[in-house]
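Student: The following block contains the structure, expressed as structure tokens.
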Amino acid sequence: MLAKAQKAVFSAKIRKESKEMSDHQLTELIERYFDGSMTADERTQFELLRKNDATVESRVTEHMQFIGLLKQYGERLELEKRLNAIHDEIDVHALKEEVTIHPTWVVRMWRNHHSKISVAASIAIFAILGTLFFTGKLNNHESNFEQLSQEVGRLKYKTDKLEGQANTFINNLPVKPKARPSNPGNFRGTGFALSSNGYIVTNYHVIKDADSVYVQNAAGESFHSKVIYTEPVNDIAVLQINDDAFTGLGAIPYYFKRSSTDLGENVITFGYPDGKVVFGQGALTSATGYQGDTTEYQVSIPVNPGNSGGPLLDEKGNVIGIINAKQTQIAGAAFAVKSAYLLKAIQNIPSDSLSKSLTLSTKNTLAGLSRKQQLKKLKDYVFMVKVYNQ
Amino acid sequence: MNKELKASAPTDSEIVLGILNNSEIVLKKLYTTYFPMILQLIINNNGDEDDAKDVYQEAIIVLYNKIKSGKFELSSKLKTYIYSVCRRLWLKRLSHMNRYGGDIRDFEEYLPVDEEVDDHNERDVQFGKMESALQLLGEPCKTIMEDFYIHNRSMQDICERFGYTNADNAKTQKYKCLQRLKKLFFQQK
């Protein structure tokens with residue numbers, strides 16, 4: 001028993017010793033094996049040992065791998081040194097300039113100053129919006145609609161009057177009342193005869209707020225008139241001449257067209273835009289008026305303030321509408337109330353407003369005449385409407 | 001936008017042969033020929049000239065090792081290979097720095113070289129460990145290790161350099177140093 005135990009202790013000691021010894025010596029052996037300083041005899045012995053002892057074999061591999069890594073590490077350092085040396089010879093700065101893609105100046109500017117630009121832009125936008133807001137320009141503008149009655153400046157009238165008074169005072173002379181025809185009136189428009197006994201149609205906006213209304217014919221004679229009927233929705237007003245000097249007109253040469261007229265129809269108008277009779281011609285361009293108003297036509301015709309209330313006639317001389325407005329922002333666009341609405345308005349006149357019968361002409365004596373002859377005839381039936389309202 | 005970079009490039013087989021023969025001139029030629037291309041790539045993709053240098057040198061090392069190991073086949077142009085490796089390396093770095101916007105401005109064609117770059121990175125990790133192990137080892141062990149294993153100096157040389165009285169002492173010292181170096185190396189995660 002004892003001998004057996006002793007033997008076990010001894011063999012363990014041997015093994016330990018051999019292990020301690022072999023760690024150092026094995027390393028040396030391995031190194032000598034690889035650097036080729038072993039004798040042929042030693043080599044065979046060592047190879048035998050590797051073959052028989054797995055621990056030795058694994059230590060050989062491990063050592064080789066580690067030393068290999070160490071060597072490679074050294075090589076890497078060496079290579080990096082070489083590359084750095086080469087790199088130092090390159091003029092990197094010059095190259096950098098060459099290969100950099102320079103963005104356009106707009107992009108550069110934006111990159112460098114984008115905060116400033118943004119602030120400036122915001123301020124500009126605020127300023128513009130603010131200005132627009134305070135000047136009232138921001139309110140949604142629809143294209144302005146200019147009604148064609150002409151205001152002859154109140155100031156001018158007042159000045160004239162003051163001047164007149166001053167003259168009276170200075171000259172101490174009795175001043176003759178001014179002749180009626182020379183008085184221009186505050187508003188002027190145009191009107192035309194409905195019947196030979198002195199009914200005249202014009203626009204409601206022409207005679208609105210009027211104190212007294214006169215109509216003046218092409219010969220320059222003025223007649224006092226009164227408003228007998230208005231229809232503000234369709235901008236229609238009917239006047240009656242109630243002046244003693246008025247003796248009546250000849251038979252009305254034109255006919256009031258009931259049906260609507262087709263696009264492209266050549267149309268003419270006649271009116272007093274600036275105190276004298278002016279003829280205008282154009283074409284019917286739309287079956288609806290301002291913003292699709294179905295009671296009106298759109299016509300391409302040169303009209304001016306003062307044309308309001310004038311007749312719109314087709315080629316044959318039928319009245320198809322009453323000029324009432326023009327759109328200020330579209331050149332050449334003017335509007336006319338359709339004749340059908342005029343006829344309707346005439347029907348709507350209460351019978352007790354009519355002191356004489358209002359009979360529309362049923363004959364058209366203008367058809368077939370030349371334009372010049374038509375106008376010559378027409379002239380006597382179109383009036384300047386003068387309005388006084390102080 | 002693509003600027004044509006002018007360079008009298010050496011032929012690809014010249015370079016491979018030159019590197020196999022450790023020609024310094026060829027290495028230099030290789031380096032100077034393709035550096036502008038990579039500088040262009042890096043500078044126009046959020047990098048600076050130092051990034052370009054790092055990335056380019058890594059790529060040259062990858063190529064160099066591949067040629068040295070005999071695994072390099074001239075299946076594509078060297079130019080394309082270098083560009084691809086640099087592109088891959090730079091993309092990795094950009095995403096690492098969170099500077100990658102998902103878009104890179106390219107100047108050349110490129111190949112998939114993920115495997116090579118991954119191998120290279122793995123090796124780099126090992127080298128990093130070795131470097132710090134050597135640093136921790138301290139003198140004179142570090143120099144002994146470098147002299148004997150890297151610079152292949154003889155034990156006799158080392159004996160004289162460090163003033164060991166005999167070669168056996170030096171050998172024991174070298175053995176101890178190696179043991180410590182291994183320990184330090186494997187201790188690192």
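In the structure tokens, the first chain shown is A, the next is B, and so on; residue numbers restart at 1 for each chain, and ligands run from 1 in the order shown.
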With the cut-off set at 8 Å and counting only C-alpha atoms, tabulate each residue of chain A with an atom at most that distance from an atom of chain B, showing the nearest atom pair and its distance in Å to one decimal, ordered by chain and increasing number, as a Markdown table.

Tutor:
| residue | atom | partner | partner_atom | distance |
| --- | --- | --- | --- | --- |
| A:His24 | CA | B:Tyr175 | CA | 6.8 |
| A:Thr27 | CA | B:Tyr175 | CA | 7.8 |
| A:Phe66 | CA | B:Lys182 | CA | 7.8 |
| A:Ile67 | CA | B:Tyr149 | CA | 7.1 |
| A:Leu69 | CA | B:Phe127 | CA | 7.7 |
| A:Leu70 | CA | B:Ile150 | CA | 7.0 |
| A:Lys71 | CA | B:Ile150 | CA | 5.1 |
| A:Tyr73 | CA | B:Phe127 | CA | 5.9 |
| A:Gly74 | CA | B:Ile150 | CA | 5.4 |
| A:Glu75 | CA | B:Ile150 | CA | 7.6 |
| A:Leu79 | CA | B:Ile61 | CA | 7.7 |
| A:Glu80 | CA | B:Gln57 | CA | 7.6 |
| A:Leu83 | CA | B:Gln57 | CA | 7.0 |
| A:Ile86 | CA | B:Lys28 | CA | 6.1 |
| A:His87 | CA | B:Tyr31 | CA | 7.8 |
| A:Ile90 | CA | B:Thr32 | CA | 7.3 |
| A:Val92 | CA | B:Glu49 | CA | 7.3 |
| A:Leu95 | CA | B:Pro36 | CA | 6.6 |
| A:Lys96 | CA | B:Leu39 | CA | 6.9 |
| A:Val99 | CA | B:Gln40 | CA | 5.0 |
| A:Thr100 | CA | B:Gln40 | CA | 6.3 |
| A:Ile101 | CA | B:Asn44 | CA | 6.8 |

Student: List as a PyMOL selection string the protein and nucleic acid residues near Asp244 of chain A, meaning an atom at most 10 Å away when only C-alpha atoms are counted, but skip any in the same chain fewer than 3 places from it.

Tutor: chain A and resi 223-224+241+247

Student: How many Å separate atom CA of Gly271 of chain A from atom CA of Ser357 of chain A?

Tutor: 26.0 Å

Student: Set the distance at 7 Å and use only C-alpha atoms: which residues neighbour segment 189-202 of chain A once local chain neighbours fewer than 5 positions away are removed? I'd like the list as a compact mmCIF listing (two decimals) with C-alpha atoms, in the first residue's frame.

Tutor:
# COMPACT_ATOMS: atom_id res chain seq x y z
CA SER A 149 -72.31 108.01 -65.22
CA GLN A 150 -70.02 110.89 -65.28
CA ILE A 236 -83.41 100.66 -65.28
CA ALA A 237 -85.23 103.97 -64.90
CA VAL A 238 -88.08 105.42 -66.98
CA LEU A 239 -88.43 109.19 -67.33
CA GLN A 240 -91.20 111.26 -68.74
CA ILE A 241 -90.61 114.66 -70.32
CA GLY A 248 -93.35 115.32 -79.11
CA LEU A 249 -91.09 113.19 -81.19
CA GLY A 250 -91.60 111.54 -84.51
CA ALA A 251 -92.41 107.87 -84.79
CA ILE A 252 -89.81 105.77 -82.96
CA GLY A 271 -74.47 108.28 -76.36
CA TYR A 272 -73.17 111.43 -74.72
CA GLY A 306 -71.57 109.13 -69.82
CA ASN A 307 -72.50 106.29 -72.13
CA SER A 308 -74.63 104.82 -69.35
CA GLY A 309 -78.22 104.49 -70.40
CA GLY A 310 -77.47 104.58 -74.11
CA PRO A 311 -79.15 102.15 -76.48
CA LEU A 358 -96.74 104.20 -73.28
CA THR A 359 -96.90 102.37 -76.55
CA LEU A 360 -93.73 100.87 -77.92
CA SER A 361 -93.10 101.03 -81.58
CA TYR A 381 -84.20 109.87 -80.17
CA VAL A 382 -81.12 109.74 -77.98
CA PHE A 383 -80.83 112.27 -75.19
CA MET A 384 -78.28 113.51 -72.76
CA VAL A 385 -79.64 113.03 -69.24
CA LYS A 386 -78.58 115.78 -66.87
